[in-house]
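The file coords.cif contains mmCIF, C-alpha atoms:
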```cif
data_work
#
loop_
_atom_site.label_atom_id
_atom_site.label_comp_id
_atom_site.auth_asym_id
_atom_site.auth_seq_id
_atom_site.Cartn_x
_atom_site.Cartn_y
_atom_site.Cartn_z
CA MET A 6 -5.31 8.88 -15.97
CA GLY A 7 -4.92 5.55 -17.62
CA ARG A 8 -5.50 2.16 -16.12
CA ARG A 9 -2.44 0.87 -17.97
CA SER A 10 -0.14 3.30 -16.18
CA SER A 11 -1.77 2.36 -12.89
CA GLN A 12 -1.20 -1.31 -13.58
CA ARG A 13 2.43 -0.67 -14.45
CA ARG A 14 2.91 1.23 -11.23
CA ASN A 15 1.38 -1.54 -9.16
CA ALA A 16 3.40 -4.20 -10.95
CA ALA A 17 6.59 -2.31 -10.23
CA MET A 18 5.53 -1.93 -6.62
CA LEU A 19 5.03 -5.66 -6.24
CA ASP A 20 8.44 -6.40 -7.70
CA SER A 21 10.28 -3.95 -5.46
CA ASP A 22 12.01 -5.00 -2.25
CA ASP A 23 10.99 -3.79 1.20
CA THR A 24 13.94 -2.64 3.22
CA ASP A 25 12.16 -1.65 6.40
CA SER A 26 10.96 -5.01 7.72
CA VAL A 27 12.30 -6.36 10.98
CA SER A 28 13.98 -9.28 9.29
CA SER A 29 16.07 -7.13 6.98
CA SER A 30 16.94 -4.10 9.12
CA SER A 31 17.33 -5.24 12.70
CA THR A 32 20.57 -7.16 12.26
CA THR A 33 23.30 -7.74 9.72
CA ARG A 34 24.77 -11.03 8.68
CA SER A 35 27.90 -10.28 10.70
CA ASP A 36 25.76 -10.21 13.83
CA MET A 37 24.39 -13.70 13.30
CA MET A 38 25.11 -16.16 16.07
CA LEU A 39 25.92 -18.89 13.59
CA SER A 40 27.82 -18.67 10.33
CA SER A 41 25.35 -20.85 8.41
CA LEU A 42 21.56 -21.06 8.48
CA GLU A 43 21.18 -24.25 6.49
CA GLU A 44 19.61 -27.25 8.13
CA VAL A 45 22.90 -29.09 8.72
CA GLN A 46 22.90 -31.77 11.36
CA PHE A 47 25.18 -31.38 14.36
CA GLY A 48 24.57 -34.65 16.22
CA LYS A 49 20.86 -34.60 16.88
CA GLU A 50 20.52 -30.84 16.68
CA THR A 51 19.95 -28.54 13.74
CA VAL A 52 20.90 -24.88 13.55
CA LEU A 53 17.33 -23.95 14.48
CA ASP A 54 17.48 -26.22 17.51
CA GLN A 55 20.64 -24.45 18.62
CA CYS A 56 18.94 -21.09 18.17
CA VAL A 57 16.05 -22.24 20.35
CA ASP A 58 18.53 -23.38 23.02
CA ALA A 59 20.16 -19.94 22.88
CA LEU A 60 16.83 -18.30 23.78
CA TYR A 61 17.23 -19.74 27.29
CA GLU A 62 20.43 -17.71 27.81
CA LYS A 63 20.46 -14.78 30.25
CA ARG A 64 22.40 -12.46 27.98
CA GLY A 65 19.97 -10.40 25.92
CA SER A 66 22.36 -9.95 23.00
CA THR A 67 22.63 -13.73 22.65
CA ARG A 68 18.86 -14.07 22.50
CA GLU A 69 18.64 -11.27 19.94
CA LYS A 70 21.16 -12.98 17.65
CA ALA A 71 19.30 -16.28 18.00
CA LEU A 72 15.98 -14.64 17.10
CA ALA A 73 17.58 -12.95 14.08
CA SER A 74 18.92 -16.32 12.94
CA ILE A 75 15.48 -17.89 13.33
CA ILE A 76 13.94 -15.13 11.20
CA GLU A 77 16.53 -15.72 8.49
CA ALA A 78 15.88 -19.46 8.58
CA PHE A 79 12.10 -19.02 8.33
CA ASN A 80 12.56 -16.62 5.41
CA SER A 81 14.96 -18.97 3.61
CA ASN A 82 12.85 -22.13 3.92
CA ILE A 83 9.32 -23.08 4.91
CA GLN A 84 10.04 -24.76 8.25
CA HIS A 85 7.06 -27.13 8.46
CA ASP A 86 8.91 -29.96 10.23
CA PHE A 87 10.39 -27.64 12.82
CA VAL A 88 7.03 -25.98 13.49
CA GLU A 89 5.39 -29.40 13.83
CA LYS A 90 7.84 -30.39 16.56
CA LYS A 91 8.82 -27.18 18.32
CA PHE A 92 6.15 -24.53 17.74
CA ALA A 93 4.90 -24.52 21.38
CA THR A 94 8.42 -24.22 22.79
CA LEU A 95 9.43 -21.46 20.40
CA LEU A 96 6.19 -19.58 21.05
CA GLN A 97 6.67 -19.59 24.83
CA LEU A 98 10.28 -18.47 24.53
CA CYS A 99 9.27 -15.61 22.23
CA LEU A 100 6.51 -14.55 24.62
CA SER A 101 9.11 -14.57 27.39
CA SER A 102 11.29 -12.28 25.28
CA ILE A 103 8.36 -9.90 24.84
CA LYS A 104 7.87 -9.82 28.62
CA ARG A 105 11.50 -9.18 29.61
CA GLY A 106 13.50 -8.17 26.54
CA SER A 107 14.84 -4.94 25.11
CA SER A 108 12.96 -3.09 22.38
CA LYS A 109 15.12 -4.84 19.79
CA GLU A 110 14.46 -8.27 21.30
CA ILE A 111 10.72 -7.59 21.48
CA ALA A 112 10.68 -6.56 17.82
CA LEU A 113 12.54 -9.71 16.78
CA ALA A 114 10.42 -12.02 18.96
CA SER A 115 7.22 -10.46 17.59
CA HIS A 116 8.42 -11.10 14.05
CA VAL A 117 9.25 -14.72 14.86
CA ILE A 118 5.75 -15.28 16.28
CA GLY A 119 4.24 -13.88 13.08
CA LEU A 120 6.41 -16.16 10.94
CA LEU A 121 5.47 -19.08 13.17
CA ALA A 122 1.77 -18.46 12.48
CA LEU A 123 2.28 -17.98 8.73
CA THR A 124 4.25 -21.22 8.53
CA ALA A 125 1.75 -23.20 10.60
CA GLY A 126 -1.22 -21.99 8.55
CA PRO A 127 -4.82 -21.92 9.80
CA GLY A 128 -5.80 -24.64 12.26
CA ASP A 129 -5.20 -25.62 15.87
CA LYS A 130 -1.60 -24.38 16.05
CA ALA A 131 -2.34 -20.93 14.67
CA HIS A 132 -5.40 -20.62 16.90
CA ASP A 133 -3.30 -21.62 19.92
CA ILE A 134 -0.73 -18.97 18.96
CA LEU A 135 -3.51 -16.36 18.90
CA LYS A 136 -5.01 -17.47 22.21
CA GLU A 137 -1.63 -17.53 23.95
CA SER A 138 -0.38 -14.25 22.50
CA GLN A 139 -3.28 -11.88 21.82
CA THR A 140 -3.73 -10.43 25.31
CA LEU A 141 -0.02 -10.23 26.12
CA ILE A 142 0.87 -8.54 22.82
CA SER A 143 -2.07 -6.13 23.07
CA GLU A 144 -1.14 -5.08 26.60
CA ALA A 145 2.53 -4.69 25.67
CA ALA A 146 1.61 -2.45 22.73
CA LEU A 147 -0.72 -0.28 24.79
CA LYS A 148 1.84 0.16 27.56
CA SER A 149 4.82 0.91 25.33
CA ARG A 150 4.09 4.65 25.13
CA SER A 151 6.43 6.36 22.67
CA ASP A 152 8.59 3.42 21.53
CA ASN A 153 7.45 3.40 17.90
CA SER A 154 9.65 0.51 16.77
CA LYS A 155 8.42 -1.79 19.52
CA ILE A 156 4.75 -0.87 19.10
CA SER A 157 4.94 -1.29 15.32
CA SER A 158 6.45 -4.76 15.61
CA LEU A 159 3.91 -5.84 18.22
CA LEU A 160 0.93 -4.62 16.18
CA GLU A 161 2.15 -6.14 12.93
CA CYS A 162 2.59 -9.44 14.78
CA LEU A 163 -0.90 -9.09 16.24
CA ALA A 164 -2.29 -8.49 12.76
CA ILE A 165 -0.57 -11.57 11.32
CA ILE A 166 -1.51 -14.01 14.10
CA THR A 167 -5.11 -12.78 14.03
CA PHE A 168 -5.31 -13.03 10.25
CA VAL A 169 -4.06 -16.64 10.34
CA GLY A 170 -5.44 -17.91 13.65
CA GLY A 171 -8.68 -15.97 14.13
CA GLU A 172 -11.68 -18.24 13.76
CA GLU A 173 -14.46 -15.90 14.92
CA PRO A 174 -15.22 -12.26 14.05
CA GLU A 175 -15.01 -11.40 17.76
CA GLU A 176 -11.36 -12.49 17.86
CA THR A 177 -10.50 -10.29 14.91
CA GLU A 178 -12.33 -7.26 16.27
CA LYS A 179 -10.57 -7.67 19.63
CA SER A 180 -7.23 -7.17 17.88
CA MET A 181 -8.62 -4.31 15.78
CA ARG A 182 -9.84 -2.54 18.94
CA CYS A 183 -6.35 -2.76 20.45
CA MET A 184 -4.92 -1.11 17.34
CA TRP A 185 -7.60 1.56 17.49
CA LEU A 186 -6.69 2.42 21.09
CA VAL A 187 -3.05 2.99 20.16
CA ILE A 188 -3.96 5.94 17.93
CA ASN A 189 -7.05 6.93 19.97
CA PRO A 190 -5.76 6.59 23.56
CA LYS A 191 -8.51 8.78 25.00
CA LEU A 192 -10.96 5.96 24.21
CA GLY A 193 -9.62 3.59 26.88
CA PRO A 194 -8.19 3.49 30.42
CA ASN A 195 -4.55 2.67 31.23
CA VAL A 196 -3.50 3.43 27.66
CA ALA A 197 -0.36 5.31 26.62
CA THR A 198 -1.11 9.01 26.15
CA ALA A 199 1.90 9.94 24.00
CA LYS A 200 0.86 11.47 20.69
CA PRO A 201 1.40 8.86 17.96
CA SER A 202 3.96 9.72 15.29
CA PRO A 203 3.07 9.69 11.59
CA ALA A 204 5.00 6.42 11.21
CA MET A 205 3.01 4.89 14.07
CA ILE A 206 -0.32 6.04 12.61
CA THR A 207 0.64 4.50 9.27
CA VAL A 208 1.46 1.13 10.86
CA VAL A 209 -1.72 1.09 12.93
CA VAL A 210 -4.00 2.06 10.03
CA SER A 211 -2.34 -0.51 7.73
CA SER A 212 -2.62 -3.27 10.35
CA TRP A 213 -6.24 -2.37 11.12
CA SER A 214 -7.23 -2.37 7.44
CA PHE A 215 -5.36 -5.65 6.89
CA LEU A 216 -7.66 -7.28 9.44
CA LEU A 217 -10.70 -5.46 8.08
CA THR A 218 -10.13 -7.30 4.77
CA THR A 219 -11.21 -10.51 6.54
CA MET A 220 -14.51 -9.04 7.75
CA ASP A 221 -17.84 -8.66 6.02
CA GLY A 222 -20.11 -5.73 6.76
CA TRP A 223 -22.76 -7.75 8.53
CA THR A 224 -20.26 -9.28 11.00
CA LEU A 225 -18.98 -5.95 12.31
CA ASP A 226 -19.97 -4.74 15.75
CA PRO A 227 -21.94 -1.54 15.05
CA LYS A 228 -20.76 0.00 18.34
CA SER A 229 -17.03 -0.40 17.70
CA TRP A 230 -16.29 1.68 14.60
CA GLN A 231 -18.63 4.64 14.77
CA GLY A 232 -16.86 7.73 13.49
CA SER A 233 -14.06 5.84 11.77
CA ILE A 234 -14.82 7.31 8.32
CA SER A 235 -14.57 10.80 9.79
CA TYR A 236 -11.29 9.88 11.49
CA PHE A 237 -9.73 8.52 8.32
CA SER A 238 -10.99 11.59 6.48
CA THR A 239 -9.04 13.82 8.90
CA LEU A 240 -5.91 11.77 8.17
CA LEU A 241 -6.21 12.68 4.48
CA ASP A 242 -5.38 16.26 5.52
CA LYS A 243 -2.17 15.34 7.37
CA GLU A 244 1.21 16.45 6.04
CA ASP A 245 2.78 12.99 6.01
CA ARG A 246 2.16 11.24 2.69
CA SER A 247 2.40 7.71 4.11
CA VAL A 248 -0.42 8.57 6.52
CA ARG A 249 -2.55 9.95 3.68
CA ILE A 250 -2.00 6.88 1.52
CA ALA A 251 -2.76 4.41 4.32
CA ALA A 252 -5.93 6.33 5.21
CA GLY A 253 -7.00 6.60 1.57
CA GLU A 254 -6.60 2.88 0.91
CA THR A 255 -8.48 2.11 4.13
CA LEU A 256 -11.37 4.35 3.10
CA ALA A 257 -11.48 2.63 -0.29
CA LEU A 258 -11.69 -0.71 1.53
CA VAL A 259 -14.48 0.56 3.78
CA PHE A 260 -16.48 1.63 0.72
CA GLU A 261 -15.73 -1.71 -0.96
CA ILE A 262 -17.06 -3.62 2.06
CA GLY A 263 -20.20 -1.52 2.39
CA SER A 264 -22.39 -1.30 5.55
CA LEU A 265 -21.25 2.32 5.82
CA GLU A 266 -23.67 3.02 8.67
CA LYS A 267 -21.38 0.98 10.94
CA PHE A 268 -18.49 3.34 10.20
CA SER A 269 -20.34 6.65 10.00
CA GLY A 270 -20.97 7.61 13.62
CA GLU A 271 -24.67 8.44 13.35
CA SER A 272 -26.32 5.21 14.54
CA LYS A 273 -28.93 5.95 17.23
CA GLY A 274 -31.17 3.54 19.05
CA SER A 275 -34.83 4.25 19.71
CA SER A 276 -38.02 2.36 20.42
CA ASP A 277 -40.21 4.91 18.66
CA SER A 278 -40.87 3.93 15.04
CA SER A 279 -41.28 7.52 13.84
CA THR A 280 -38.04 8.48 15.55
CA ASP A 281 -36.36 5.49 13.93
CA GLU A 282 -37.38 6.74 10.51
CA ALA A 283 -36.06 10.20 11.29
CA ASN A 284 -32.78 8.71 12.51
CA LYS A 285 -32.44 6.66 9.34
CA SER A 286 -33.00 9.72 7.17
CA ARG A 287 -30.49 11.73 9.18
CA GLU A 288 -28.00 8.88 9.03
CA LEU A 289 -28.39 8.61 5.24
CA LEU A 290 -27.76 12.33 4.82
CA HIS A 291 -24.72 12.09 7.09
CA ILE A 292 -23.26 9.20 5.07
CA GLN A 293 -23.86 11.08 1.82
CA GLY A 294 -22.07 14.09 3.28
CA LEU A 295 -19.11 11.95 4.33
CA LYS A 296 -18.92 10.42 0.87
CA ALA A 297 -18.93 13.80 -0.80
CA LYS A 298 -16.22 15.12 1.52
CA VAL A 299 -13.98 12.08 0.98
CA LEU A 300 -14.48 12.28 -2.78
CA ASN A 301 -13.37 15.93 -2.82
CA GLN A 302 -10.32 15.14 -0.69
CA VAL A 303 -9.34 12.23 -2.91
CA ARG A 304 -9.74 14.31 -6.05
CA THR A 305 -7.49 17.02 -4.61
CA LEU A 306 -4.78 14.56 -3.53
CA SER A 307 -4.83 12.84 -6.91
CA ALA A 308 -3.72 16.10 -8.52
CA GLU A 309 -1.62 17.69 -5.78
CA ALA A 310 1.23 19.88 -6.98
CA GLY A 311 4.69 19.35 -5.54
CA GLY A 312 5.77 21.73 -2.79
CA LYS A 313 9.15 22.82 -1.50
CA GLY A 314 11.31 19.84 -0.58
CA SER A 315 8.76 17.41 -1.99
CA ALA A 316 10.28 14.12 -3.11
CA LYS A 317 9.12 13.42 -6.66
CA LYS A 318 8.85 9.67 -6.09
CA ASP A 319 6.68 10.12 -2.99
CA LEU A 320 4.49 12.68 -4.75
CA ASN A 321 3.98 10.43 -7.77
CA ASN A 322 3.15 7.51 -5.49
CA GLN A 323 0.51 9.59 -3.76
CA ARG A 324 -0.97 10.86 -7.02
CA ASN A 325 -1.17 7.38 -8.52
CA THR A 326 -2.71 5.89 -5.38
CA PHE A 327 -5.39 8.54 -5.14
CA ARG A 328 -6.12 8.36 -8.86
CA ASP A 329 -6.85 4.67 -8.31
CA ILE A 330 -9.07 5.53 -5.34
CA LEU A 331 -10.85 8.25 -7.31
CA GLU A 332 -11.48 5.88 -10.20
CA PHE A 333 -12.93 3.36 -7.77
CA LEU A 334 -15.20 5.88 -6.05
CA GLU A 335 -16.45 7.39 -9.29
CA ASP A 336 -16.61 4.37 -11.60
CA GLY A 337 -16.38 1.28 -9.37
CA TYR A 338 -13.08 0.03 -10.82
CA SER A 339 -10.65 -1.52 -8.33
CA PRO A 340 -6.89 -1.23 -8.93
CA GLU A 341 -5.25 -4.08 -10.79
CA ALA A 342 -1.69 -5.15 -9.98
CA SER A 343 0.31 -7.95 -11.55
CA ALA A 344 3.68 -9.60 -11.00
CA LYS A 345 5.43 -12.89 -11.61
CA ILE A 346 6.38 -15.39 -8.92
CA GLY A 347 8.65 -18.13 -10.14
CA GLY A 348 7.74 -17.35 -13.74
CA LEU A 349 3.98 -17.57 -13.09
CA SER A 350 1.65 -14.57 -13.30
CA PHE A 351 0.08 -13.29 -10.13
CA SER A 352 -2.49 -10.51 -9.90
CA THR A 353 -4.91 -8.69 -7.59
CA SER A 354 -8.33 -7.34 -8.45
CA THR A 355 -9.82 -5.80 -5.26
CA TRP A 356 -8.73 -3.33 -2.61
CA ALA A 357 -8.91 -6.09 0.00
CA HIS A 358 -6.64 -8.29 -2.09
CA LEU A 359 -4.12 -5.49 -2.69
CA ILE A 360 -4.00 -4.51 0.99
CA GLN A 361 -3.43 -8.12 2.03
CA LEU A 362 -0.67 -8.53 -0.52
CA ASN A 363 1.13 -5.32 0.42
CA PHE A 364 0.98 -6.07 4.14
CA LEU A 365 2.31 -9.61 3.77
CA LYS A 366 4.99 -8.47 1.34
CA HIS A 367 6.16 -5.87 3.84
CA PHE A 368 6.09 -8.31 6.76
CA LEU A 369 7.95 -11.09 4.96
CA GLY A 370 10.47 -8.78 3.33
CA GLY A 371 13.14 -10.89 1.66
CA GLY A 372 11.19 -14.07 2.38
CA PHE A 373 8.13 -13.01 0.40
CA VAL A 374 9.00 -14.79 -2.85
CA LYS A 375 9.98 -18.01 -1.07
CA HIS A 376 6.71 -18.07 0.87
CA MET A 377 4.66 -17.28 -2.22
CA GLN A 378 6.34 -20.20 -3.97
CA GLU A 379 6.04 -22.79 -1.20
CA ASN A 380 3.62 -21.69 1.52
CA GLU A 381 0.27 -23.38 0.85
CA PHE A 382 -1.48 -21.02 3.23
CA LEU A 383 -0.59 -18.06 1.00
CA HIS A 384 -1.51 -20.08 -2.09
CA ASP A 385 -4.98 -20.51 -0.62
CA VAL A 386 -5.33 -16.87 0.45
CA PHE A 387 -4.43 -15.48 -2.97
CA GLY A 388 -5.63 -18.32 -5.20
CA PHE A 389 -2.07 -18.70 -6.49
CA THR A 390 -0.89 -22.11 -7.75
CA PRO A 391 2.85 -22.35 -8.44
CA ASN A 392 2.57 -26.09 -9.10
CA LYS A 393 1.03 -26.35 -12.57
CA LYS A 394 0.19 -30.01 -12.06
CA LEU A 395 -2.51 -29.18 -9.55
CA PRO A 396 -5.52 -26.97 -10.24
CA VAL A 397 -6.33 -24.31 -7.68
CA ALA A 398 -9.28 -26.35 -6.38
CA GLN A 399 -6.94 -29.12 -5.19
CA HIS A 400 -4.88 -26.86 -2.91
CA HIS A 401 -6.41 -27.30 0.53
CA VAL A 402 -5.17 -26.54 4.02
CA SER A 403 -6.92 -26.84 7.35
CA GLY A 404 -9.46 -24.09 7.79
CA THR A 405 -10.35 -23.94 4.11
CA ASP A 406 -13.79 -22.55 4.82
CA LYS A 407 -12.23 -19.65 6.71
CA ARG A 408 -9.79 -18.93 3.92
CA MET A 409 -12.65 -19.04 1.41
CA TYR A 410 -14.26 -16.35 3.54
CA LYS A 411 -11.08 -14.29 3.84
CA SER A 412 -9.64 -14.49 0.34
CA PRO A 413 -10.87 -11.74 -2.02
CA ASN A 414 -10.01 -14.13 -4.84
CA SER A 415 -12.49 -16.76 -3.67
CA VAL A 416 -15.75 -17.65 -5.42
CA LEU A 417 -17.71 -16.15 -2.54
CA ASN A 418 -15.93 -12.82 -2.77
CA LYS A 419 -16.09 -12.71 -6.55
CA ALA A 420 -19.85 -13.20 -6.34
CA ARG A 421 -20.03 -10.50 -3.68
CA THR A 422 -17.99 -8.12 -5.83
CA GLN A 423 -20.31 -8.68 -8.79
CA PHE A 424 -23.29 -7.96 -6.56
CA LEU A 425 -21.71 -4.75 -5.25
CA ASN A 426 -20.89 -3.63 -8.79
CA LYS A 427 -24.53 -4.09 -9.77
CA GLN A 428 -25.60 -2.13 -6.70
CA ARG A 429 -23.21 0.66 -7.65
CA MET A 430 -24.67 0.83 -11.15
CA LEU A 431 -28.20 1.02 -9.75
CA SER A 432 -27.14 3.71 -7.31
CA GLN A 433 -25.54 5.71 -10.10
CA ASP A 434 -28.80 5.69 -12.01
CA LYS A 435 -30.70 6.89 -8.95
CA ASN A 436 -28.25 9.53 -7.80
CA VAL A 437 -26.99 11.17 -10.97
CA GLY A 438 -26.02 14.76 -10.23
CA TYR A 439 -25.25 14.21 -6.55
CA TYR A 440 -22.63 11.51 -5.95
CA THR A 441 -21.55 9.16 -8.67
CA GLY A 442 -20.86 6.23 -6.35
CA GLY A 443 -24.40 5.91 -5.01
CA ASP A 444 -25.47 4.95 -1.49
CA GLU A 445 -23.68 1.65 -1.23
CA PHE A 446 -20.33 0.20 -2.12
#
```
Before anything else, please render the file you have as structure tokens.
Amino acid sequence: MGRRSSQRRNAAMLDSDDTDSVSSSSTTRSDMMLSSLEEVQFGKETVLDQCVDALYEKRGSTREKALASIIEAFNSNIQHDFVEKKFATLLQLCLSSIKRGSSKEIALASHVIGLLALTAGPGDKAHDILKESQTLISEAALKSRSDNSKISSLLECLAIITFVGGEEPEETEKSMRCMWLVINPKLGPNVATAKPSPAMITVVVSSWSFLLTTMDGWTLDPKSWQGSISYFSTLLDKEDRSVRIAAGETLALVFEIGSLEKFSGESKGSSDSSTDEANKSRELLHIQGLKAKVLNQVRTLSAEAGGKGSAKKDLNNQRNTFRDILEFLEDGYSPEASAKIGGLSFSTSTWAHLIQLNFLKHFLGGGFVKHMQENEFLHDVFGFTPNKKLPVAQHHVSGTDKRMYKSPNSVLNKARTQFLNKQRMLSQDKNVGYYTGGDEF
């Protein structure tokens, strides 16, 4: 396997268009309430103002068309002025739609809330969006039972508003726990018991890992994610390729973050020092066993032969993804992806970075390029500077410290990556003949 072919694959992936986002599939242009989405003045009202007014209407179809128009407007332009003036009103109307609307209206309203947070960027507004929405959206997702479209939209919205508005690790883990309950309903009371579909598992795992990219190992609650490596390992054996890929990328991220004892499921408390030592030894052996199992699964999936009815494109995508994961586990190399936005090169260099990019690209759909060109929040997250007149260091938004913490492209994360690479090399020297990756990633 060559890194050049992997880079070409990732570059092509970044340039491709998502067709399954809410904004591009829920409605067609002929369904739009208004014939134009440009900010043309009609007296004192703009098109967006009229859409907001339409959200007060009793007819659900009218509200759906208004929400679809708002999504199109937010994808077409970065609506800073509108968000500055009307974000609280629009948020409350969208939350009302989630409470009373159809599945389609809930999906559209959830998408609008996510776009609202992305446009506002980190700070008081985004944090208010999270505080106002987190509990309601979580409860709606957990009570939706088998409505995959509605649950997916709610959880993707929850991921976005937490990513932008979360200021404390506890806020992020609260959203992650909600996602975990959707695919592990036996873990909580009053939770839907319907067996999640492969599509639902893929959405939940992708949303969960998207939020995990903002966490560092030491901030994680050791009681929350015990057994998660084993769970993701079982997903690698599922028939659905999208489930396998989502689980594989999440496992790569877990290994990249480190602190594997918090994901392993063997942490035991004891006041006896000798017992503590025994527990640590047992835990280390358990983690090594998990690593070896995952490595074997990844190696098999990276070379899987096509079966009856197997789509060649899907099979190649799986093989390439797991070759990247295998290369990371064995040699410590993260996948590199590159693309051009507005004629300027853009690249990723870590699993966290790639997962963030893919999730945001999927969520924004047709609005991805516009937001990458003009949304300063995304510039800060990815270290991307479309304006050549300003160096990266001069692009600041509120909550810069948080973004420095979240962005895999930041100085802090680059230093952390270098440290982890050194640790991997040391581990390789100590563990030759057992597991190439060593005890820590």
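For the set A:Ser269, A:Ser343, A:Thr305, A:Ser108, the residue with the smallest atom-to-atom gap to A:Glu288 is A:Ser269, counting all atoms listed in the file.
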Kindly give the distance, in Å, that separates atom CA of A:Ile156 and atom CA of A:Leu96, rounded to a single decimal.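 A separation of 18.9 Å between them.
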Can you list, as a ChimeraX atom specification, the residues that the PyMOL selection byres ((chain A and resi 103) around 10) selects here? /A:97-102,104-115,141-142,145,155,159
inquiry  = Ranking A:Leu265, A:Glu77, A:Phe237, A:Ala283 by minimum distance to A:Phe373 and counting only C-alpha atoms, which one comes first?
reply    =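 Nearest candidate to A:Phe373 out of A:Leu265, A:Glu77, A:Phe237, A:Ala283: A:Glu77.
Atom pair atom CA of A:Pro203 / atom CA of A:Phe168: separated by 24.3 Å.
Near A:Pro391, within a cut-off of 8 Å and counting all atoms listed in the file, sit the residues Ile346, Gly347, Leu349, Gln378, Glu379, Phe389 and Lys393 of chain A, with same-chain residues fewer than 2 positions away left out.
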Expressed in Å, the length from atom CA of A:Ser354 to atom CA of A:Asn321 is 21.6 Å
Pull out every residue that the PyMOL selection byres ((chain A and resi 351) around 12) matches in the shown coordinates and put them as an mmCIF file with C-alpha atoms, keeping the file's coordinate frame.
```cif
data_model
loop_
_atom_site.group_PDB
_atom_site.id
_atom_site.type_symbol
_atom_site.label_atom_id
_atom_site.label_comp_id
_atom_site.auth_asym_id
_atom_site.auth_seq_id
_atom_site.Cartn_x
_atom_site.Cartn_y
_atom_site.Cartn_z
ATOM 1 C CA ASN A 15 1.380 -1.540 -9.160
ATOM 2 C CA ALA A 16 3.400 -4.200 -10.950
ATOM 3 C CA LEU A 19 5.030 -5.660 -6.240
ATOM 4 C CA ASP A 20 8.440 -6.400 -7.700
ATOM 5 C CA GLU A 341 -5.250 -4.080 -10.790
ATOM 6 C CA ALA A 342 -1.690 -5.150 -9.980
ATOM 7 C CA SER A 343 0.310 -7.950 -11.550
ATOM 8 C CA ALA A 344 3.680 -9.600 -11.000
ATOM 9 C CA LYS A 345 5.430 -12.890 -11.610
ATOM 10 C CA ILE A 346 6.380 -15.390 -8.920
ATOM 11 C CA GLY A 347 8.650 -18.130 -10.140
ATOM 12 C CA GLY A 348 7.740 -17.350 -13.740
ATOM 13 C CA LEU A 349 3.980 -17.570 -13.090
ATOM 14 C CA SER A 350 1.650 -14.570 -13.300
ATOM 15 C CA SER A 352 -2.490 -10.510 -9.900
ATOM 16 C CA THR A 353 -4.910 -8.690 -7.590
ATOM 17 C CA SER A 354 -8.330 -7.340 -8.450
ATOM 18 C CA HIS A 358 -6.640 -8.290 -2.090
ATOM 19 C CA LEU A 359 -4.120 -5.490 -2.690
ATOM 20 C CA LEU A 362 -0.670 -8.530 -0.520
ATOM 21 C CA VAL A 374 9.000 -14.790 -2.850
ATOM 22 C CA MET A 377 4.660 -17.280 -2.220
ATOM 23 C CA GLN A 378 6.340 -20.200 -3.970
ATOM 24 C CA HIS A 384 -1.510 -20.080 -2.090
ATOM 25 C CA PHE A 387 -4.430 -15.480 -2.970
ATOM 26 C CA GLY A 388 -5.630 -18.320 -5.200
ATOM 27 C CA PHE A 389 -2.070 -18.700 -6.490
ATOM 28 C CA THR A 390 -0.890 -22.110 -7.750
ATOM 29 C CA PRO A 391 2.850 -22.350 -8.440
ATOM 30 C CA ASN A 414 -10.010 -14.130 -4.840
#
```
- Message: Measuring between only C-alpha atoms, which one of A:Ala257, A:Ala78, A:Ile188, A:Ile360 shows the shortest distance to A:Ser157?
- Response: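 Closest to A:Ser157, using only C-alpha atoms: A:Ile188.
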Any idea what's packed within 8 Å of stretch 55-61 of chain A, counting all atoms listed in the file, ignoring anything in its chain fewer than 2 positions away? Could you give it as a list in words?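 Here the qualifying residues turn out to be Glu50, Thr51, Val52, Leu53, Lys63, Thr67, Arg68, Ala71, Leu72, Ser74, Ile75, Leu95 and Leu98 of chain A.
Minimum atom-to-atom distance to A:Lys298, evaluated using only C-alpha atoms, belongs to A:Ile234 out of A:Ile118, A:Ile206, A:Val169, A:Ile234.
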Handout entry: Residues returned when the PyMOL selection byres ((chain A and resi 224) around 12) runs on this file, as a PyMOL selection string
Key = chain A and resi 173-178+217+219-223+225-229+262-264+267+410
When you count only C-alpha atoms, which of these residues is closest to A:Leu147: A:Pro201, A:Gly371, A:Gly232, A:Gly126?
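Of A:Pro201, A:Gly371, A:Gly232, A:Gly126, the one nearest A:Leu147, counting only C-alpha atoms, is A:Pro201.
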- Item | Nearby residues (only C-alpha atoms) at most 10 Å from A:Ser214, same-chain spacing under 6 positions excluded, as an NGL selection string | :A and (164 or 181 or 208 or 220 or 251-252 or 254-256 or 258-259 or 357 or 360-361 or 364)
Centre and edge lengths, as JSON, for the axis-aligned box enclosing every listed atom of stretch 141-148 of chain A with 5 Å of padding on each of the six sides, in Å to one decimal?
```
{"center_x": 0.2, "center_y": -5.0, "center_z": 25.1, "size_x": 14.6, "size_y": 20.4, "size_z": 14.8}
```
| said: So that I can check the surroundings of A:Ser143, please list as a ChimeraX atom specification every protein, DNA and RNA residue that reaches within 10 Å of it, counting only C-alpha atoms and ignoring chain neighbours fewer than 6 positions away. | reply: /A:156,159-160,163,179-184,186-187
